[in-house]
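A.B. asks: Next comes input.txt, compact mmCIF, C-alpha atoms:
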```
# COMPACT_ATOMS: atom_id res chain seq x y z
CA LEU A 1 9.45 -9.65 -27.47
CA ARG A 2 7.31 -7.19 -25.50
CA ARG A 3 10.26 -4.84 -25.05
CA GLU A 4 11.16 -5.05 -28.72
CA ARG A 5 7.59 -4.11 -29.69
CA GLU A 6 7.69 -1.15 -27.30
CA ARG A 7 10.97 0.05 -28.79
CA GLU A 8 9.60 -0.35 -32.31
CA LYS A 9 6.53 1.68 -31.36
CA VAL A 10 8.66 4.51 -29.96
CA PHE A 11 10.91 4.38 -33.02
CA ASN A 12 7.91 4.68 -35.34
CA ILE A 13 6.49 7.60 -33.37
CA CYS A 14 9.82 9.39 -33.57
CA SER A 15 9.96 8.74 -37.30
CA THR A 16 6.48 10.15 -37.77
CA MET A 17 7.44 13.29 -35.86
CA GLY A 18 10.43 13.70 -38.14
CA ILE A 19 13.00 13.89 -35.37
CA LEU A 20 15.24 11.01 -36.49
CA THR A 21 17.79 13.14 -38.26
CA ALA A 22 21.29 11.88 -38.83
CA LYS A 23 22.39 13.89 -35.81
CA TRP A 24 19.95 12.38 -33.30
CA LEU A 25 19.42 8.86 -34.64
CA PRO A 26 22.39 7.19 -32.85
CA LEU A 27 21.48 8.73 -29.50
CA ILE A 28 17.82 7.74 -29.73
CA LEU A 29 18.65 4.19 -30.76
CA ALA A 30 21.03 3.87 -27.81
CA PHE A 31 18.28 5.11 -25.48
CA LEU A 32 15.78 2.58 -26.86
CA LEU A 33 18.23 -0.25 -26.30
CA ALA A 34 18.73 0.84 -22.69
CA VAL A 35 15.08 1.36 -21.70
CA ASP A 36 13.44 -1.48 -19.72
CA ASP A 37 16.38 -3.77 -20.33
CA THR A 38 15.44 -6.19 -17.53
CA ASP A 39 13.66 -9.50 -17.43
CA GLY A 40 11.22 -8.41 -14.71
CA ARG A 41 7.65 -7.20 -14.70
CA ARG A 42 5.47 -4.96 -12.58
CA ILE A 43 2.24 -5.64 -10.72
CA GLN A 44 0.47 -2.29 -10.71
CA GLY A 45 -2.22 -1.67 -8.12
CA ARG A 46 -4.28 1.47 -7.75
CA TYR A 47 -1.76 2.98 -5.34
CA VAL A 48 1.20 0.59 -5.03
CA SER A 49 3.37 -1.19 -7.55
CA VAL A 50 5.43 -4.31 -6.97
CA GLU A 51 8.46 -5.15 -9.07
CA ILE A 52 8.85 -8.86 -9.89
CA ASN A 53 12.37 -9.99 -10.72
CA ASN A 54 11.55 -12.15 -13.73
CA ASP A 55 8.72 -13.39 -15.95
CA ASN A 56 9.26 -17.05 -15.13
CA GLU A 57 6.09 -18.78 -13.88
CA CYS A 58 6.44 -21.93 -11.78
CA SER A 59 3.49 -24.21 -11.09
CA VAL A 60 3.93 -26.16 -7.88
CA THR A 61 2.57 -29.28 -9.61
CA ASP A 62 5.37 -29.29 -12.19
CA ALA A 63 8.83 -30.80 -11.77
CA PRO A 64 10.94 -30.42 -9.74
CA TYR A 65 8.28 -29.51 -7.12
CA ASN A 66 5.61 -32.15 -7.95
CA ALA A 67 2.97 -31.06 -5.43
CA LYS A 68 -0.23 -33.13 -5.46
CA GLY A 69 -3.47 -31.22 -5.22
CA ASP A 70 -5.55 -34.08 -3.83
CA GLY A 71 -6.31 -32.44 -0.49
CA LYS A 72 -4.77 -35.39 1.38
CA THR A 73 -1.07 -35.38 0.54
CA LEU A 74 0.98 -32.92 2.58
CA VAL A 75 2.79 -30.66 0.11
CA THR A 76 4.47 -28.08 2.34
CA ASP A 77 8.00 -29.00 1.24
CA ALA A 78 7.08 -28.96 -2.46
CA ILE A 79 5.48 -25.52 -2.28
CA GLN A 80 8.29 -24.14 -0.13
CA LYS A 81 10.82 -25.38 -2.67
CA ALA A 82 9.08 -23.33 -5.35
CA LEU A 83 8.83 -20.27 -3.08
CA ASP A 84 12.57 -20.49 -2.41
CA ASP A 85 13.51 -20.99 -6.07
CA PRO A 86 15.14 -17.75 -7.33
CA SER A 87 14.22 -18.62 -10.92
CA CYS A 88 10.50 -18.29 -10.11
CA GLY A 89 9.08 -14.79 -10.44
CA ARG A 90 5.56 -16.10 -9.97
CA VAL A 91 4.77 -19.25 -7.95
CA VAL A 92 1.39 -20.65 -8.99
CA ILE A 93 -1.01 -22.80 -6.99
CA PRO A 94 -2.93 -24.16 -10.01
CA LYS A 95 -6.56 -25.07 -10.51
CA PRO A 96 -8.21 -27.43 -10.00
CA GLY A 97 -6.70 -28.69 -6.83
CA THR A 98 -6.62 -28.61 -3.04
CA PHE A 99 -3.12 -28.39 -1.58
CA LEU A 100 -2.69 -29.43 2.06
CA THR A 101 0.05 -27.56 3.87
CA PHE A 102 1.67 -26.52 7.12
CA PRO A 103 3.29 -23.03 7.40
CA LEU A 104 4.94 -21.43 4.37
CA ARG A 105 7.48 -18.60 4.12
CA LEU A 106 8.02 -15.96 1.49
CA THR A 107 11.80 -15.79 1.65
CA ARG A 108 12.65 -13.64 -1.38
CA SER A 109 12.02 -10.10 -2.49
CA ASN A 110 10.45 -9.32 -5.87
CA MET A 111 8.20 -12.36 -6.16
CA GLU A 112 4.51 -13.28 -6.38
CA LEU A 113 2.46 -16.11 -4.93
CA HIS A 114 -0.54 -16.62 -7.21
CA ILE A 115 -3.47 -18.85 -6.22
CA GLU A 116 -5.63 -19.51 -9.24
CA GLN A 117 -9.39 -19.29 -9.01
CA GLY A 118 -10.55 -22.86 -8.45
CA ALA A 119 -7.49 -23.75 -6.36
CA THR A 120 -7.39 -24.02 -2.57
CA LEU A 121 -4.46 -23.81 -0.22
CA LEU A 122 -5.78 -25.96 2.63
CA VAL A 123 -4.14 -25.30 6.00
CA SER A 124 -3.61 -28.36 8.17
CA ASN A 125 -5.66 -28.34 11.37
CA ASP A 126 -3.42 -30.91 13.05
CA ARG A 127 -2.59 -28.80 16.10
CA LYS A 128 -0.31 -31.44 17.60
CA MET A 129 1.96 -31.37 14.56
CA TRP A 130 1.89 -27.59 14.08
CA PRO A 131 5.45 -26.15 14.10
CA GLU A 132 5.60 -24.23 17.39
CA THR A 133 4.48 -20.59 16.87
CA ALA A 134 4.74 -20.39 13.09
CA ASN A 135 2.13 -18.44 11.13
CA ILE A 136 0.50 -19.81 8.00
CA ILE A 137 2.18 -17.52 5.45
CA SER A 138 4.98 -15.31 6.72
CA ALA A 139 7.45 -12.83 5.28
CA ASN A 140 10.24 -11.03 7.10
CA SER A 141 12.53 -8.18 6.01
CA ILE A 142 11.88 -8.42 2.27
CA SER A 143 10.31 -6.10 -0.27
CA HIS A 144 8.14 -6.11 -3.39
CA ILE A 145 6.00 -9.17 -2.75
CA ALA A 146 2.46 -10.03 -3.81
CA ILE A 147 -0.20 -12.61 -2.98
CA THR A 148 -2.72 -12.65 -5.81
CA GLY A 149 -5.38 -14.70 -7.54
CA GLY A 150 -9.02 -15.55 -7.01
CA GLY A 151 -8.35 -18.84 -5.22
CA THR A 152 -8.86 -19.67 -1.56
CA ILE A 153 -6.69 -20.05 1.51
CA ASP A 154 -8.76 -22.16 3.91
CA GLY A 155 -7.52 -21.94 7.49
CA GLN A 156 -9.86 -24.65 8.84
CA GLY A 157 -10.26 -22.49 11.90
CA LEU A 158 -12.89 -24.36 13.92
CA VAL A 159 -10.53 -26.58 15.91
CA TRP A 160 -8.36 -23.53 16.66
CA TRP A 161 -11.31 -21.37 17.78
CA GLN A 162 -12.36 -24.11 20.17
CA ASN A 163 -8.91 -23.88 21.78
CA ARG A 164 -8.70 -20.11 21.90
CA ASP A 165 -6.43 -20.01 24.97
CA ASP A 166 -3.69 -21.88 23.10
CA PHE A 167 -1.46 -20.56 20.35
CA ARG A 168 -3.35 -19.89 17.12
CA PRO A 169 -1.52 -18.86 13.93
CA HIS A 170 -2.19 -15.74 11.91
CA MET A 171 -3.06 -16.44 8.30
CA VAL A 172 -0.61 -13.91 6.79
CA GLN A 173 2.08 -12.23 8.88
CA PHE A 174 4.37 -9.63 7.29
CA GLU A 175 7.25 -8.22 9.33
CA ASP A 176 9.39 -5.34 8.03
CA VAL A 177 8.03 -5.61 4.48
CA GLN A 178 8.20 -2.80 1.94
CA HIS A 179 5.84 -2.65 -1.05
CA GLY A 180 3.21 -5.37 -0.85
CA ILE A 181 0.04 -6.13 -2.78
CA LEU A 182 -2.66 -8.62 -1.78
CA SER A 183 -5.45 -8.90 -4.32
CA GLU A 184 -8.53 -11.03 -5.09
CA THR A 185 -7.82 -13.99 -2.79
CA LEU A 186 -10.44 -15.41 -0.40
CA TYR A 187 -9.11 -15.89 3.15
CA LEU A 188 -11.52 -18.36 4.74
CA ASN A 189 -11.90 -19.38 8.40
CA SER A 190 -8.58 -18.14 9.71
CA PRO A 191 -7.51 -19.61 13.08
CA ASN A 192 -6.67 -16.14 14.42
CA HIS A 193 -5.95 -12.69 12.98
CA VAL A 194 -6.17 -12.96 9.22
CA LEU A 195 -3.83 -10.32 7.75
CA GLU A 196 -1.31 -9.03 10.30
CA LEU A 197 0.73 -6.72 8.14
CA PHE A 198 3.78 -4.76 9.25
CA CYS A 199 4.11 -3.46 5.72
CA ASP A 200 4.85 0.00 4.34
CA ASP A 201 3.40 0.92 0.94
CA CYS A 202 0.91 -1.93 1.11
CA GLU A 203 -2.36 -2.36 -0.83
CA LEU A 204 -5.31 -4.71 -0.32
CA ALA A 205 -7.70 -4.87 -3.27
CA TYR A 206 -10.71 -7.10 -4.01
CA VAL A 207 -9.77 -9.36 -1.10
CA LYS A 208 -12.42 -11.37 0.77
CA VAL A 209 -12.15 -12.39 4.41
CA LEU A 210 -14.91 -14.72 5.62
CA ALA A 211 -15.33 -16.20 9.10
CA PRO A 212 -18.35 -16.76 11.35
CA PRO A 213 -19.44 -14.07 13.82
CA SER A 214 -18.28 -14.21 17.43
CA THR A 215 -21.65 -13.30 18.94
CA GLY A 216 -25.08 -14.92 19.23
CA ASP A 217 -25.71 -18.62 18.77
CA CYS A 218 -22.07 -19.36 18.03
CA GLU A 219 -21.35 -19.36 21.76
CA ARG A 220 -23.94 -22.08 22.30
CA ASP A 221 -22.57 -24.12 19.40
CA ASN A 222 -18.90 -23.41 20.25
CA LYS A 223 -18.28 -22.08 16.73
CA CYS A 224 -17.36 -18.46 17.42
CA SER A 225 -14.39 -17.17 15.42
CA HIS A 226 -12.93 -15.00 18.20
CA ASN A 227 -9.98 -12.74 17.31
CA THR A 228 -10.34 -13.13 13.55
CA ASP A 229 -9.45 -9.51 12.69
CA ALA A 230 -9.59 -9.17 8.93
CA VAL A 231 -6.58 -6.86 8.79
CA ASP A 232 -4.33 -5.25 11.37
CA VAL A 233 -2.54 -2.31 9.79
CA HIS A 234 0.98 -1.74 11.12
CA GLY A 235 2.53 0.06 8.15
CA SER A 236 2.28 3.40 6.40
CA PRO A 237 1.03 4.33 3.88
CA PHE A 238 -1.57 1.58 3.66
CA TYR A 239 -4.41 1.32 1.13
CA ILE A 240 -7.55 -0.84 1.38
CA HIS A 241 -10.25 -0.79 -1.28
CA ASN A 242 -12.99 -2.94 -2.79
CA VAL A 243 -12.78 -5.61 -0.09
CA ASN A 244 -15.36 -7.75 1.71
CA PHE A 245 -14.47 -8.23 5.38
CA THR A 246 -17.05 -10.44 7.11
CA THR A 247 -15.56 -11.86 10.26
CA GLY A 248 -15.69 -12.38 14.03
CA ASP A 249 -13.61 -9.46 15.27
CA ASP A 250 -12.32 -6.12 13.94
CA ASN A 251 -12.94 -5.65 10.25
CA VAL A 252 -10.04 -3.20 10.17
CA ALA A 253 -7.73 -2.42 13.10
CA VAL A 254 -5.40 0.49 12.36
CA HIS A 255 -2.18 0.82 14.34
CA ALA A 256 -0.38 3.22 11.99
CA ASN A 257 -0.87 6.54 10.19
CA HIS A 258 -1.76 7.30 6.58
CA THR A 259 -4.34 4.58 6.01
CA ILE A 260 -7.25 4.76 3.59
CA VAL A 261 -10.24 2.42 3.41
CA GLU A 262 -12.66 3.00 0.53
CA ASN A 263 -15.39 1.27 -1.52
CA SER A 264 -15.45 -1.65 0.91
CA TYR A 265 -18.05 -3.86 2.60
CA PHE A 266 -18.03 -4.83 6.26
CA GLY A 267 -20.36 -7.69 7.15
CA THR A 268 -20.26 -9.22 10.62
CA GLY A 269 -17.43 -8.00 12.78
CA HIS A 270 -16.60 -5.21 15.21
CA GLY A 271 -16.10 -2.47 12.61
CA ALA A 272 -13.06 -0.25 12.16
CA SER A 273 -10.89 0.69 15.11
```
Write out the structure in this file as structure tokens.
C.D. replies:
Amino acid sequence: LRREREREKVFNICSTMGILTAKWLPLILAFLLAVDDTDGRRIQGRYVSVEINNDNECSVTDAPYNAKGDGKTLVTDAIQKALDDPSCGRVVIPKPGTFLTFPLRLTRSNMELHIEQGATLLVSNDRKMWPETANIISANSISHIAITGGGTIDGQGLVWWQNRDDFRPHMVQFEDVQHGILSETLYLNSPNHVLELFCDDCELAYVKVLAPPSTGDCERDNKCSHNTDAVDVHGSPFYIHNVNFTTGDDNVAVHANHTIVENSYFGTGHGAS
């Protein structure tokens, strides 16, 4: 319907300009039928765009996924089923609800994980049951992916910080990713580095990272969030704007060229390096 309205608008403009003569009418109609003849959509950031393969929106609480947002039921398999489903352009963690999970993987290109404001993805802090060295949300060798929405990913980091010499997962780990957008989400109390992004053409916008400082009284109380870098930049170009990074380690750690950080707030943390 959206495409048909766009074609109609172009047709009407052409008619107004008087260019739809008998000679040109067939060619212009053929062009209108060919333009944007896909089922996808685009997430447009300030600098980066991500192409989503279809308009289908899948809530993880709907069948056949049936995730329960009660904060007690483990729903890793249900959410992963939706993330793996090729019919889902956008996978939604809906409000209200708290969804308890172990690690998740973004396994497909051209898809979006959307966490609605009022929804929480609650990361299990059961270290004994944690799957080896898996990170909380990972993506490897895919392109055009997005994590969006004003909801929260809560890493429940305290038990991990208190065992800092053991393995601690990153909250989001991208490896060999092209075209990524992360926008609006709150990343809370990550066990370790928050956004570890080997991602070219990547944009962070209106993201919040919150974790306690790693200096002062936290040492006495054993509540320091050591190593909670807000973002480690490993790709190029990389764009960061309108973010709040308040954490226990580097606010931004840049390991690659062509990075811009603008209109952003650094609270506690070690600054930009």
A.B. asks: Have a look at A:Val207, A:Val123, A:Leu106, A:Ile52 and name the one nearest to Asp84 of chain A; count all atoms listed in the file.
C.D. replies: A:Leu106
A.B. asks: Report, in Å with one decimal, the straight-line distance from atom CA of Trp160 of chain A to atom CA of Val92 of chain A.
C.D. replies: 27.6 Å
A.B. asks: Using only C-alpha atoms, what table do you get, as a Markdown table, when you list each residue of segment 101-181 of chain A with an atom no more than 10 Å from segment 57-63 of chain A, its nearest pair of atoms, and their distance in Å rounded to one decimal, rows by chain then rising number?
C.D. replies:
```
| residue | atom | partner | partner_atom | distance |
| --- | --- | --- | --- | --- |
| A:Glu112 | CA | A:Glu57 | CA | 9.4 |
| A:Leu113 | CA | A:Cys58 | CA | 9.8 |
| A:His114 | CA | A:Ser59 | CA | 9.4 |
```
A.B. asks: Take the residues from that selection and put them in a file with C-alpha atoms, as a compact mmCIF listing (two decimals), in the coordinates of the input.
C.D. replies:
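Final output, saved to again27.txt:
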```txt
# COMPACT_ATOMS: atom_id res chain seq x y z
CA GLU A 112 4.51 -13.28 -6.38
CA LEU A 113 2.46 -16.11 -4.93
CA HIS A 114 -0.54 -16.62 -7.21
```
A.B. asks: Using atom CA of Arg42 of chain A and atom CA of Ser141 of chain A as the two end points, give the distance in Å to one decimal.
C.D. replies: 20.1 Å
A.B. asks: Find the residues near Ala78 of chain A: any atom within 9 Å, counting all atoms listed in the file, skip ones fewer than 2 places away on the same chain, and give them as a PyMOL selection string.
C.D. replies: chain A and resi 60-61+64-68+74-76+80-83
A.B. asks: Which is closest to Lys223 of chain A among A:Gln156, A:Asn125, A:Ser138, A:Thr259, if we use only C-alpha atoms?
C.D. replies: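 Under the stated criterion, the closest residue is A:Gln156.
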A.B. asks: If we count all atoms listed in the file, what is near segment 208-219 of chain A at a cut-off of 8 Å, once residues fewer than 3 positions away on the same chain are taken out, given as a list of chain:residue names?
C.D. replies: A:Glu184, A:Thr185, A:Leu186, A:Tyr187, A:Leu188, A:Asn189, A:Ser190, A:Val194, A:Asn222, A:Lys223, A:Cys224, A:Ser225, A:His226, A:Thr228, A:Ala230, A:Val243, A:Asn244, A:Phe245, A:Thr246, A:Thr247, A:Gly248, A:Asp249, A:Thr268, A:Gly269
A.B. asks: Out of A:Met111, A:Ala119, A:Leu104, A:Ile136, which residue has the shortest atom-to-atom distance to Asp85 of chain A when counting all atoms listed in the file?
C.D. replies: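 Looking only at the distances to Asp85 of chain A, the closest residue turns out to be A:Met111.
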A.B. asks: Between A:Ile147, A:Leu121, A:Ala253, A:Ile79, which is the closest to His234 of chain A once you count only C-alpha atoms?
C.D. replies: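 Among A:Ile147, A:Leu121, A:Ala253, A:Ile79, it is A:Ala253 that comes nearest to His234 of chain A.
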A.B. asks: Provide the atom CA of Asp221 of chain A to atom CA of Asn163 of chain A distance in Å, to one decimal place.
C.D. replies: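 Straight-line distance from atom CA of Asp221 of chain A to atom CA of Asn163 of chain A works out to 13.9 Å.
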A.B. asks: Using all atoms of segment 172-188 of chain A that appear in the file, construct an axis-aligned enclosing box with 8 Å of padding on every side and provide its centre coordinates and edge lengths in Å, rounded to one decimal, as JSON.
C.D. replies:
```
{"center_x": -1.1, "center_y": -10.5, "center_z": 2.1, "size_x": 36.9, "size_y": 31.7, "size_z": 30.4}
```
A.B. asks: Counting all atoms listed in the file, which of A:Ile145, A:Pro237, A:Val231, A:Asn192 gets nearest to Gly157 of chain A?
C.D. replies: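 Selected residue with least distance to Gly157 of chain A: A:Asn192.
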A.B. asks: Please determine, counting all atoms listed in the file, which residue among A:Asn140, A:Asn135, A:Ser183, A:Ser273 has the shortest atom-to-atom distance to Tyr239 of chain A.
C.D. replies: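 Answer, going by the shortest atom-to-atom distance: A:Ser183.
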A.B. asks: May I have the residues within 6 Å of segment 198-204 of chain A as a PyMOL selection string, using all atoms listed in the file and disregarding those fewer than 3 positions away in the same chain?
C.D. replies: chain A and resi 174-183+234-240
A.B. asks: Step by step: locate segment 237-248 of chain A in the block above, keep all heavy atoms, then write the file as a tab-separated table (two decimals), in the first residue's frame.
C.D. replies:
```
chain	number	residue	atom	x	y	z
A	237	PRO	N	33.91	3.30	8.83
A	237	PRO	CA	33.68	4.43	9.73
A	237	PRO	C	32.72	4.06	10.85
A	237	PRO	O	31.94	3.11	10.72
A	237	PRO	CB	33.08	5.49	8.81
A	237	PRO	CG	32.38	4.71	7.75
A	237	PRO	CD	33.21	3.48	7.53
A	238	PHE	N	32.77	4.86	11.92
A	238	PHE	CA	31.99	4.57	13.12
A	238	PHE	C	31.48	5.90	13.67
A	238	PHE	O	32.25	6.84	13.85
A	238	PHE	CB	32.87	3.86	14.16
A	238	PHE	CG	32.13	3.03	15.15
A	238	PHE	CD1	32.11	1.65	15.05
A	238	PHE	CD2	31.44	3.62	16.20
A	238	PHE	CE1	31.43	0.86	15.97
A	238	PHE	CE2	30.77	2.85	17.13
A	238	PHE	CZ	30.76	1.46	17.01
A	239	TYR	N	30.19	5.96	13.96
A	239	TYR	CA	29.54	7.22	14.34
A	239	TYR	C	28.84	7.06	15.69
A	239	TYR	O	28.04	6.13	15.88
A	239	TYR	CB	28.51	7.63	13.28
A	239	TYR	CG	29.06	7.65	11.88
A	239	TYR	CD1	28.93	6.54	11.04
A	239	TYR	CD2	29.73	8.76	11.39
A	239	TYR	CE1	29.43	6.54	9.75
A	239	TYR	CE2	30.24	8.79	10.10
A	239	TYR	CZ	30.08	7.68	9.28
A	239	TYR	OH	30.59	7.69	8.00
A	240	ILE	N	29.13	7.97	16.62
A	240	ILE	CA	28.53	7.95	17.95
A	240	ILE	C	27.97	9.34	18.22
A	240	ILE	O	28.72	10.33	18.15
A	240	ILE	CB	29.57	7.59	19.03
A	240	ILE	CG1	30.20	6.21	18.74
A	240	ILE	CG2	28.94	7.61	20.42
A	240	ILE	CD1	31.41	5.91	19.60
A	241	HIS	N	26.68	9.43	18.54
A	241	HIS	CA	26.12	10.75	18.83
A	241	HIS	C	24.92	10.63	19.78
A	241	HIS	O	24.22	9.63	19.81
A	241	HIS	CB	25.72	11.49	17.55
A	241	HIS	CG	24.65	10.83	16.74
A	241	HIS	ND1	23.31	11.09	16.94
A	241	HIS	CD2	24.70	9.94	15.73
A	241	HIS	CE1	22.59	10.39	16.08
A	241	HIS	NE2	23.42	9.67	15.33
A	242	ASN	N	24.75	11.67	20.58
A	242	ASN	CA	23.60	11.79	21.48
A	242	ASN	C	23.48	10.57	22.41
A	242	ASN	O	22.40	10.01	22.58
A	242	ASN	CB	22.31	11.99	20.69
A	242	ASN	CG	22.34	13.25	19.85
A	242	ASN	OD1	22.70	13.19	18.67
A	242	ASN	ND2	21.99	14.38	20.44
A	243	VAL	N	24.61	10.19	23.01
A	243	VAL	CA	24.61	9.05	23.92
A	243	VAL	C	24.92	9.53	25.34
A	243	VAL	O	25.46	10.62	25.55
A	243	VAL	CB	25.63	7.98	23.49
A	243	VAL	CG1	25.32	7.46	22.11
A	243	VAL	CG2	27.06	8.52	23.56
A	244	ASN	N	24.60	8.69	26.31
A	244	ASN	CA	24.97	8.89	27.71
A	244	ASN	C	25.77	7.66	28.13
A	244	ASN	O	25.21	6.57	28.28
A	244	ASN	CB	23.73	9.06	28.59
A	244	ASN	CG	24.05	9.21	30.07
A	244	ASN	OD1	25.14	8.89	30.53
A	244	ASN	ND2	23.08	9.68	30.84
A	245	PHE	N	27.07	7.85	28.33
A	245	PHE	CA	27.95	6.76	28.75
A	245	PHE	C	28.43	7.07	30.17
A	245	PHE	O	29.31	7.91	30.38
A	245	PHE	CB	29.14	6.61	27.81
A	245	PHE	CG	28.80	6.08	26.44
A	245	PHE	CD1	29.66	6.27	25.37
A	245	PHE	CD2	27.62	5.38	26.22
A	245	PHE	CE1	29.37	5.75	24.11
A	245	PHE	CE2	27.30	4.87	24.97
A	245	PHE	CZ	28.19	5.07	23.91
A	246	THR	N	27.86	6.40	31.14
A	246	THR	CA	28.21	6.58	32.55
A	246	THR	C	28.56	5.21	33.08
A	246	THR	O	27.68	4.37	33.27
A	246	THR	CB	27.04	7.20	33.32
A	246	THR	OG1	26.73	8.49	32.75
A	246	THR	CG2	27.36	7.37	34.78
A	247	THR	N	29.85	4.97	33.33
A	247	THR	CA	30.30	3.60	33.52
A	247	THR	C	31.54	3.52	34.38
A	247	THR	O	31.95	4.52	34.98
A	247	THR	CB	30.51	2.94	32.13
A	247	THR	OG1	30.75	1.56	32.28
A	247	THR	CG2	31.63	3.60	31.36
A	248	GLY	N	32.15	2.33	34.46
A	248	GLY	CA	33.28	2.11	35.35
A	248	GLY	C	34.62	2.02	34.66
A	248	GLY	O	35.64	1.80	35.31
```
